[in-house]
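Visitor: I am sharing coords-v3.cif, which consists of mmCIF, C-alpha atoms and all ligand atoms:
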data_model
loop_
_atom_site.label_atom_id
_atom_site.label_comp_id
_atom_site.auth_asym_id
_atom_site.auth_seq_id
_atom_site.Cartn_x
_atom_site.Cartn_y
_atom_site.Cartn_z
CA MET L 1 -86.78 -13.79 114.69
CA ARG L 2 -88.95 -10.91 113.42
CA LYS L 3 -91.47 -9.19 115.68
CA VAL L 4 -95.05 -9.87 114.54
CA GLY L 5 -98.01 -7.63 115.27
CA ILE L 6 -101.58 -6.91 114.25
CA ILE L 7 -101.50 -4.26 111.52
CA GLY L 8 -105.19 -4.19 110.57
CA VAL L 9 -108.54 -5.30 112.05
CA GLY L 10 -112.09 -5.76 110.75
CA GLU L 11 -115.34 -7.43 111.72
CA TYR L 12 -118.70 -8.35 110.30
CA LEU L 13 -121.89 -9.02 112.21
CA PRO L 14 -125.03 -10.07 110.33
CA LYS L 15 -127.89 -7.54 110.44
CA ARG L 16 -130.62 -9.72 111.96
CA VAL L 17 -130.90 -9.34 115.74
CA LEU L 18 -132.50 -12.09 117.86
CA THR L 19 -133.35 -10.77 121.33
CA ASN L 20 -134.06 -12.67 124.53
CA ALA L 21 -137.69 -11.56 124.12
CA ASP L 22 -137.74 -13.28 120.70
CA LEU L 23 -136.40 -16.47 122.32
CA GLU L 24 -139.15 -16.35 124.96
CA LYS L 25 -141.57 -17.01 122.08
CA MET L 26 -139.53 -19.99 120.80
CA VAL L 27 -138.62 -22.02 123.93
CA ASP L 28 -139.47 -22.11 127.65
CA THR L 29 -137.05 -19.40 128.79
CA SER L 30 -137.00 -15.80 130.01
CA ASP L 31 -134.95 -12.67 129.49
CA GLU L 32 -134.29 -12.72 133.25
CA TRP L 33 -132.84 -16.28 133.16
CA ILE L 34 -130.66 -15.66 130.12
CA THR L 35 -129.38 -12.29 131.37
CA THR L 36 -128.53 -13.38 134.89
CA ARG L 37 -127.07 -16.79 133.93
CA THR L 38 -125.09 -15.70 130.86
CA GLY L 39 -124.94 -11.91 130.40
CA ILE L 40 -126.45 -12.23 126.90
CA LYS L 41 -129.21 -9.82 125.80
CA GLU L 42 -129.21 -10.43 122.04
CA ARG L 43 -127.28 -12.16 119.27
CA ARG L 44 -126.90 -11.80 115.49
CA LEU L 45 -128.12 -14.37 112.98
CA ALA L 46 -126.85 -14.76 109.44
CA SER L 47 -129.43 -14.97 106.66
CA ALA L 48 -130.17 -18.20 104.77
CA GLU L 49 -128.02 -16.90 101.89
CA GLU L 50 -125.00 -16.09 104.11
CA ALA L 51 -122.50 -18.89 104.79
CA THR L 52 -119.46 -18.65 107.07
CA SER L 53 -117.22 -17.62 104.15
CA ASP L 54 -119.52 -14.66 103.43
CA LEU L 55 -119.18 -13.44 107.01
CA ALA L 56 -115.41 -13.99 106.79
CA LEU L 57 -115.21 -12.12 103.46
CA ASN L 58 -116.77 -8.96 104.88
CA ALA L 59 -114.49 -9.03 107.95
CA ALA L 60 -111.44 -9.72 105.75
CA LYS L 61 -112.16 -6.77 103.44
CA ALA L 62 -112.46 -4.44 106.44
CA ALA L 63 -109.19 -5.72 107.95
CA LEU L 64 -107.30 -5.36 104.66
CA LYS L 65 -108.60 -1.80 104.26
CA ASP L 66 -107.52 -1.01 107.82
CA ALA L 67 -104.05 -2.47 107.11
CA ARG L 68 -103.87 -0.56 103.79
CA LEU L 69 -103.00 -3.77 101.98
CA SER L 70 -104.50 -5.44 98.93
CA ALA L 71 -105.59 -9.08 98.84
CA GLU L 72 -102.60 -9.89 96.63
CA ASP L 73 -100.25 -8.80 99.44
CA LEU L 74 -101.38 -11.77 101.54
CA ASP L 75 -99.07 -14.80 101.79
CA LEU L 76 -101.25 -16.82 104.14
CA ILE L 77 -104.92 -17.05 105.12
CA ILE L 78 -106.02 -19.07 108.15
CA VAL L 79 -109.70 -19.25 109.05
CA ALA L 80 -110.62 -20.60 112.48
CA THR L 81 -114.08 -22.15 112.30
CA ILE L 82 -116.20 -25.11 113.39
CA THR L 83 -119.00 -24.18 110.98
CA PRO L 84 -117.33 -24.29 107.56
CA ASP L 85 -119.48 -23.80 104.45
CA MET L 86 -118.98 -27.56 103.82
CA PRO L 87 -116.57 -30.26 105.11
CA PHE L 88 -114.18 -29.40 102.29
CA PRO L 89 -112.78 -27.35 100.63
CA SER L 90 -111.78 -25.03 103.45
CA VAL L 91 -113.42 -21.68 104.14
CA ALA L 92 -109.95 -20.18 103.62
CA SER L 93 -109.85 -21.54 100.04
CA ILE L 94 -113.33 -20.17 99.31
CA LEU L 95 -112.27 -16.85 100.80
CA GLN L 96 -109.03 -16.72 98.80
CA ASN L 97 -111.04 -16.93 95.59
CA ALA L 98 -113.61 -14.37 96.73
CA LEU L 99 -110.91 -11.92 97.81
CA GLY L 100 -108.61 -12.52 94.85
CA ALA L 101 -105.74 -13.33 97.26
CA LYS L 102 -104.01 -15.44 94.64
CA ASN L 103 -100.59 -15.46 96.38
CA ALA L 104 -101.85 -16.85 99.69
CA ALA L 105 -101.52 -20.36 101.07
CA CYS L 106 -104.82 -21.28 102.76
CA CYS L 107 -106.21 -23.59 105.42
CA ASP L 108 -108.79 -23.73 108.21
CA ILE L 109 -108.10 -24.49 111.85
CA SER L 110 -110.60 -26.42 113.95
CA ALA L 111 -110.04 -25.46 117.57
CA ALA L 112 -113.57 -24.34 118.48
CA CYS L 113 -113.71 -21.26 120.72
CA ALA L 114 -109.91 -21.18 121.02
CA GLY L 115 -109.60 -21.28 117.22
CA PHE L 116 -108.80 -17.61 116.72
CA VAL L 117 -105.91 -17.70 119.20
CA TYR L 118 -104.68 -20.98 117.67
CA ALA L 119 -104.77 -19.36 114.21
CA LEU L 120 -103.05 -16.20 115.46
CA ALA L 121 -100.25 -18.19 117.11
CA THR L 122 -99.82 -20.43 114.04
CA ALA L 123 -99.76 -17.65 111.44
CA SER L 124 -97.40 -15.49 113.49
CA GLN L 125 -94.72 -18.23 113.43
CA PHE L 126 -94.49 -18.03 109.62
CA ILE L 127 -93.90 -14.28 109.75
CA ALA L 128 -91.55 -14.47 112.75
CA CYS L 129 -89.24 -16.88 110.96
CA GLY L 130 -89.36 -14.98 107.68
CA THR L 131 -91.30 -17.47 105.53
CA TYR L 132 -94.18 -15.03 104.93
CA LYS L 133 -94.65 -11.26 105.14
CA ASN L 134 -98.41 -10.78 105.58
CA ALA L 135 -101.06 -13.14 106.96
CA LEU L 136 -104.82 -12.87 107.38
CA VAL L 137 -106.30 -14.58 110.43
CA ILE L 138 -110.06 -14.86 110.88
CA GLY L 139 -112.48 -16.27 113.41
CA ALA L 140 -115.78 -16.84 111.58
CA GLU L 141 -118.85 -18.83 112.56
CA LYS L 142 -122.45 -19.42 111.55
CA LEU L 143 -123.38 -21.24 114.75
CA SER L 144 -127.07 -20.70 114.03
CA SER L 145 -126.71 -23.45 111.39
CA VAL L 146 -125.81 -26.05 114.07
CA THR L 147 -127.98 -24.72 116.91
CA ASP L 148 -130.97 -26.79 118.02
CA TRP L 149 -133.67 -24.14 118.19
CA LYS L 150 -135.84 -26.52 120.27
CA ASP L 151 -133.20 -26.96 123.02
CA ARG L 152 -133.38 -24.15 125.58
CA ASN L 153 -130.14 -25.36 127.20
CA THR L 154 -128.13 -24.28 124.16
CA CYS L 155 -130.16 -22.15 121.74
CA VAL L 156 -130.08 -19.06 123.96
CA LEU L 157 -126.27 -19.03 123.95
CA PHE L 158 -125.00 -18.81 120.39
CA GLY L 159 -124.72 -16.29 117.54
CA ASP L 160 -123.05 -15.64 114.18
CA GLY L 161 -120.21 -13.30 113.20
CA ALA L 162 -116.63 -12.86 112.06
CA GLY L 163 -113.53 -10.97 113.21
CA ALA L 164 -110.32 -10.61 111.19
CA CYS L 165 -106.74 -9.47 111.78
CA VAL L 166 -103.92 -8.83 109.34
CA LEU L 167 -100.53 -9.83 110.76
CA GLY L 168 -97.24 -8.35 109.64
CA GLU L 169 -93.81 -7.37 110.86
CA VAL L 170 -93.68 -4.59 113.47
CA LYS L 171 -90.73 -2.62 114.88
CA SER L 172 -91.53 -3.21 118.55
CA GLY L 173 -93.95 -5.18 120.73
CA GLY L 174 -96.41 -7.36 118.81
CA ILE L 175 -97.36 -10.89 119.85
CA ILE L 176 -94.82 -11.48 122.60
CA ALA L 177 -96.12 -14.84 123.91
CA SER L 178 -98.70 -17.48 123.10
CA TYR L 179 -99.75 -20.60 124.96
CA LEU L 180 -101.95 -23.32 123.44
CA GLY L 181 -103.24 -26.50 125.06
CA CYS L 182 -105.69 -29.40 124.84
CA ASP L 183 -107.23 -32.06 127.07
CA GLY L 184 -108.93 -34.57 124.79
CA SER L 185 -110.37 -36.63 127.66
CA ASN L 186 -113.62 -34.64 127.91
CA LEU L 187 -114.91 -34.76 124.35
CA GLY L 188 -118.52 -35.42 125.38
CA LEU L 189 -118.96 -32.16 127.27
CA LEU L 190 -119.32 -30.15 124.07
CA ASN L 191 -119.63 -31.60 120.59
CA LEU L 192 -121.65 -32.05 117.42
CA PRO L 193 -122.09 -35.83 117.19
CA ALA L 194 -123.01 -36.48 113.55
CA GLY L 195 -122.08 -35.45 110.03
CA GLY L 196 -118.48 -36.68 110.16
CA SER L 197 -116.89 -40.07 109.40
CA ARG L 198 -117.97 -41.55 112.79
CA ASN L 199 -121.68 -40.88 112.26
CA PRO L 200 -122.22 -39.89 108.61
CA ALA L 201 -125.45 -38.05 107.90
CA SER L 202 -128.43 -40.39 107.64
CA LEU L 203 -132.16 -40.27 108.18
CA GLN L 204 -131.54 -41.64 111.70
CA THR L 205 -128.97 -39.00 112.64
CA VAL L 206 -131.26 -36.25 111.43
CA GLU L 207 -134.27 -37.68 113.29
CA ALA L 208 -132.17 -37.99 116.47
CA ARG L 209 -131.14 -34.31 116.10
CA LEU L 210 -127.46 -35.29 116.13
CA HIS L 211 -126.43 -32.49 113.75
CA TYR L 212 -126.74 -29.90 116.50
CA ILE L 213 -124.43 -28.71 119.29
CA LYS L 214 -124.69 -30.84 122.47
CA MET L 215 -123.36 -29.35 125.67
CA GLN L 216 -123.11 -30.19 129.38
CA GLY L 217 -122.87 -26.55 130.38
CA ASN L 218 -122.65 -26.93 134.11
CA GLU L 219 -119.59 -29.21 134.08
CA LEU L 220 -117.95 -27.15 131.35
CA PHE L 221 -118.42 -23.97 133.37
CA LYS L 222 -116.13 -25.15 136.18
CA ILE L 223 -113.44 -26.41 133.80
CA ALA L 224 -113.61 -23.16 131.80
CA VAL L 225 -112.94 -21.02 134.88
CA ARG L 226 -110.01 -23.19 136.00
CA THR L 227 -108.48 -23.57 132.54
CA MET L 228 -108.76 -19.93 131.46
CA THR L 229 -107.17 -18.87 134.75
CA GLU L 230 -104.26 -21.28 134.28
CA ALA L 231 -103.77 -20.36 130.62
CA ALA L 232 -103.58 -16.66 131.52
CA GLU L 233 -101.05 -17.35 134.26
CA LYS L 234 -98.88 -19.50 132.00
CA VAL L 235 -98.78 -17.11 129.05
CA LEU L 236 -98.01 -14.18 131.29
CA LYS L 237 -95.13 -16.06 132.91
CA GLN L 238 -93.85 -16.89 129.43
CA ALA L 239 -94.02 -13.18 128.53
CA GLY L 240 -92.12 -12.29 131.72
CA LEU L 241 -94.96 -10.00 132.87
CA LYS L 242 -97.22 -9.55 135.91
CA PHE L 243 -101.01 -9.13 135.88
CA SER L 244 -100.52 -5.51 136.90
CA ASP L 245 -98.80 -5.02 133.51
CA ILE L 246 -102.01 -5.97 131.62
CA ASP L 247 -104.11 -3.05 130.35
CA LEU L 248 -106.97 -5.13 128.93
CA ILE L 249 -108.00 -8.78 128.95
CA ILE L 250 -110.01 -10.00 125.97
CA PRO L 251 -111.57 -13.29 127.00
CA HIS L 252 -113.66 -15.74 125.01
CA GLN L 253 -117.27 -14.63 125.45
CA ALA L 254 -119.11 -17.79 126.53
CA ASN L 255 -120.62 -16.52 129.76
CA SER L 256 -120.08 -13.27 131.67
CA ARG L 257 -120.08 -15.22 134.96
CA ILE L 258 -117.14 -17.33 133.69
CA ILE L 259 -115.29 -14.17 132.66
CA MET L 260 -115.88 -12.44 136.01
CA ALA L 261 -114.80 -15.57 137.94
CA VAL L 262 -111.56 -15.75 135.91
CA ALA L 263 -110.92 -12.02 136.37
CA LYS L 264 -111.46 -12.33 140.13
CA ARG L 265 -108.99 -15.20 140.39
CA LEU L 266 -106.43 -13.20 138.41
CA GLY L 267 -106.98 -10.09 140.53
CA LEU L 268 -108.14 -8.02 137.52
CA THR L 269 -110.63 -5.21 138.04
CA GLU L 270 -113.73 -4.81 135.83
CA ASP L 271 -112.26 -1.86 133.91
CA LYS L 272 -109.61 -4.23 132.55
CA ILE L 273 -112.11 -6.68 131.03
CA PHE L 274 -113.55 -6.36 127.53
CA LEU L 275 -117.07 -7.72 127.06
CA ASN L 276 -119.28 -7.88 123.97
CA ILE L 277 -121.28 -10.99 124.97
CA GLU L 278 -124.34 -8.84 125.74
CA LYS L 279 -124.69 -7.94 122.03
CA TYR L 280 -123.55 -11.14 120.32
CA GLY L 281 -123.67 -14.18 122.65
CA ASN L 282 -121.10 -16.93 122.16
CA MET L 283 -119.77 -16.97 118.57
CA SER L 284 -117.04 -19.58 119.21
CA SER L 285 -113.87 -18.58 117.30
CA ALA L 286 -115.48 -15.28 116.26
CA SER L 287 -115.97 -14.18 119.87
CA THR L 288 -112.35 -13.45 120.82
CA ALA L 289 -111.75 -12.14 117.29
CA THR L 290 -114.59 -9.58 117.28
CA ALA L 291 -113.88 -8.61 120.89
CA LEU L 292 -110.30 -7.76 119.91
CA VAL L 293 -111.45 -5.83 116.85
CA GLU L 294 -114.06 -3.85 118.82
CA ALA L 295 -111.61 -3.08 121.64
CA VAL L 296 -109.31 -1.50 119.04
CA LYS L 297 -112.11 0.36 117.25
CA GLU L 298 -113.57 1.68 120.52
CA GLY L 299 -110.19 3.01 121.63
CA ARG L 300 -109.97 0.60 124.57
CA ILE L 301 -106.56 -0.49 123.21
CA LYS L 302 -104.05 2.31 122.71
CA LYS L 303 -100.50 2.44 121.41
CA GLY L 304 -98.18 0.89 124.02
CA ASP L 305 -100.96 -1.12 125.76
CA THR L 306 -100.46 -4.75 126.75
CA VAL L 307 -103.41 -7.00 125.92
CA LEU L 308 -104.14 -10.54 127.07
CA LEU L 309 -106.29 -12.88 124.93
CA ASP L 310 -107.71 -15.88 126.80
CA SER L 311 -109.95 -18.51 125.22
CA PHE L 312 -111.40 -21.96 125.92
CA GLY L 313 -113.70 -24.38 124.11
CA ALA L 314 -114.66 -27.81 122.76
CA GLY L 315 -111.84 -30.30 122.53
CA LEU L 316 -111.27 -29.27 125.22
CA VAL L 317 -108.81 -26.66 123.94
CA TRP L 318 -107.47 -23.40 125.21
CA GLY L 319 -105.29 -20.61 123.89
CA ALA L 320 -103.88 -17.44 125.40
CA ALA L 321 -101.66 -14.73 123.95
CA VAL L 322 -100.01 -11.51 125.09
CA ILE L 323 -99.87 -8.67 122.56
CA GLN L 324 -98.14 -5.32 122.99
CA TRP L 325 -99.76 -2.69 120.83
O1 LIG G 1 -117.79 -21.70 124.49
C1 LIG G 1 -117.28 -22.91 124.92
C2 LIG G 1 -117.34 -23.08 126.36
N1 LIG G 1 -118.69 -22.96 126.84
C3 LIG G 1 -118.88 -22.82 128.12
O2 LIG G 1 -117.92 -22.77 128.86
C4 LIG G 1 -120.29 -22.77 128.62
C5 LIG G 1 -120.28 -23.04 130.08
N2 LIG G 1 -121.59 -23.15 130.70
C6 LIG G 1 -122.44 -22.14 130.91
O3 LIG G 1 -122.24 -21.04 130.45
C7 LIG G 1 -123.63 -22.42 131.81
O4 LIG G 1 -123.48 -23.68 132.39
C8 LIG G 1 -125.01 -22.34 131.09
C9 LIG G 1 -125.34 -20.88 130.77
C10 LIG G 1 -124.98 -23.15 129.83
C11 LIG G 1 -126.10 -22.85 132.02
O5 LIG G 1 -126.11 -22.14 133.23
P1 LIG G 1 -126.13 -22.93 134.63
O6 LIG G 1 -126.18 -21.90 135.68
O7 LIG G 1 -124.93 -23.84 134.63
O8 LIG G 1 -127.49 -23.70 134.56
P2 LIG G 1 -127.76 -25.26 134.62
O9 LIG G 1 -127.32 -25.94 133.38
O10 LIG G 1 -127.21 -25.80 135.92
O11 LIG G 1 -129.33 -25.29 134.68
C12 LIG G 1 -130.02 -24.73 135.78
C13 LIG G 1 -131.52 -24.81 135.51
C14 LIG G 1 -131.98 -26.19 135.06
O12 LIG G 1 -133.25 -26.44 135.64
P3 LIG G 1 -133.39 -27.43 136.88
O13 LIG G 1 -132.85 -28.75 136.39
O14 LIG G 1 -132.55 -26.83 137.97
O15 LIG G 1 -134.85 -27.42 137.16
C15 LIG G 1 -132.14 -26.02 133.56
O16 LIG G 1 -133.12 -26.90 133.03
O17 LIG G 1 -131.87 -23.90 134.47
C16 LIG G 1 -132.64 -24.60 133.47
N3 LIG G 1 -132.39 -23.99 132.18
C17 LIG G 1 -133.09 -22.95 131.71
N4 LIG G 1 -134.12 -22.25 132.22
C18 LIG G 1 -134.60 -21.21 131.50
C19 LIG G 1 -131.44 -24.33 131.25
N5 LIG G 1 -131.53 -23.51 130.19
C20 LIG G 1 -132.55 -22.65 130.45
C21 LIG G 1 -133.10 -21.57 129.73
N6 LIG G 1 -134.12 -20.88 130.30
N7 LIG G 1 -132.64 -21.19 128.52
#
For this file, write the structure as structure tokens.

Guide:
Amino acid sequence: MRKVGIIGVGEYLPKRVLTNADLEKMVDTSDEWITTRTGIKERRLASAEEATSDLALNAAKAALKDARLSAEDLDLIIVATITPDMPFPSVASILQNALGAKNAACCDISAACAGFVYALATASQFIACGTYKNALVIGAEKLSSVTDWKDRNTCVLFGDGAGACVLGEVKSGGIIASYLGCDGSNLGLLNLPAGGSRNPASLQTVEARLHYIKMQGNELFKIAVRTMTEAAEKVLKQAGLKFSDIDLIIPHQANSRIIMAVAKRLGLTEDKIFLNIEKYGNMSSASTATALVEAVKEGRIKKGDTVLLDSFGAGLVWGAAVIQW
């Protein structure tokens, strides 16, 4: 098997910033509540003209430039998203055309906030076994398009963005372990009830506001802490490493209190945790992706470092990976 690593990274965050102070004017909330309960100060919102594929395109171009590859060098594009431009075709197909990546096979992965790690693990198998040489993996979301801006329980949490990685063969290190999982028995804790084949869009579904994210945050919080802790332990065991070997953990950015609780259970100190939730909120699949990209760009990940990705979301699904840089 070939060793597979990340050979280029890029991100795109829309320009418009929505602060907690802005939200105070929209729903019954406060900067104090949002900051202390979630760690979020502001989030980015895509414009009406920008769809998920547009966010993905900008991140993809940056990652290809960083990898010094052209779009035609790509053999595979996987986009992790729960907010595709439309039910079909996939965002990856739209992106292939926009990029001119005419040699790439394309599909989307729907694994909510764990989507980026699912996509990374999936794409890396094709390179490891020699089927493909270069793959583009993206976490991209326009969550503002499915956020109920009248529901203070959810609208303060989410944002839009995209993070991209180019995968290719490396001489040493790379993605040394990945662990994916699902427990489909808790579907109601986080979902978007209408717009699919169960509840097709109708006047009634629109009036009942069923095209927006519904979440039982409190219950999810406890499961998130337990599951992310277990996923980190399992992937590390698989990699044959100890927590003291980890230089940086890049967790899904749903809530800073969840992240700190997981870190405490794993015995990781604050300097080993990467956070960007303060600037962007929860961007589902784009959260882990942009956090990884920013950790690289900010020099928090250096050659030889061992990095742990740890994510959790609707499904309920989880995904963790260990990468040696
Ligand atoms: O990304 C996928 C995975 N997602 C997660 O894992 C999210 C997990 N959950 C969470 O992050 C947290 O549960 C939330 C941030 C969503 C909520 O925090 P919480 O500490 O669990 O609050 P809560 O839901 O227990 O609500 C506490 C109170 C309630 O008032 P009462 O019933 O105690 O009077 C809420 O109505 O806070 C109220 N509340 C708000 N108050 C001001 C809920 N949202 C707001 C708000 N502003 N935006």

Visitor: At a cut-off of 6 Å around ligand LIG 1 (chain G), and using all atoms listed in the file, what residues come up? Please write them as a PyMOL selection string.

Guide: chain L and resi 29-30+33+37-38+113+152-153+156+217-218+220-221+224+254-255+284+313-314

Visitor: For a quick check of understanding, using only C-alpha atoms, which of L:Thr269, L:Gln324, L:Asn282, L:Asn186 has the smallest distance to Leu309 of chain L?

Guide: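 Nearest candidate to Leu309 of chain L out of L:Thr269, L:Gln324, L:Asn282, L:Asn186: L:Gln324.
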
Visitor: Do you have the atom CA of Ala295 of chain L-atom CA of Ala162 of chain L distance handy?

Guide: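 About the pair atom CA of Ala295 of chain L and atom CA of Ala162 of chain L: they are 14.6 Å apart.
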
Visitor: Atom CA of Asp271 of chain L and atom CA of Ala119 of chain L are how many Å apart?

Guide: 27.4 Å

Visitor: Counting all atoms listed in the file, which residues have an atom no more than 7 Å from (-95.4, -8.7, 111.4) in the file's coordinates? Please list them as a list of chain:residue names.

Guide: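 All residues meeting the 7 Å criterion around (-95.4, -8.7, 111.4) are L:Lys3, L:Val4, L:Gly5, L:Ile127, L:Lys133, L:Asn134, L:Leu167, L:Gly168, L:Glu169, L:Val170.
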
Visitor: Given the point (-104.9, -2.1, 123.8) in the file's coordinates, find the residues that have an atom at most 12 Å from it, counting only C-alpha atoms, and give them as a PyMOL selection string.

Guide: chain L and resi 6+173-174+245-250+272-274+291-309+322-325

Visitor: Taking into account all atoms listed in the file, which residue in the set L:Ala177, L:Ile40, L:Lys15, L:Glu219 is nearest to Leu275 of chain L?

Guide: L:Ile40
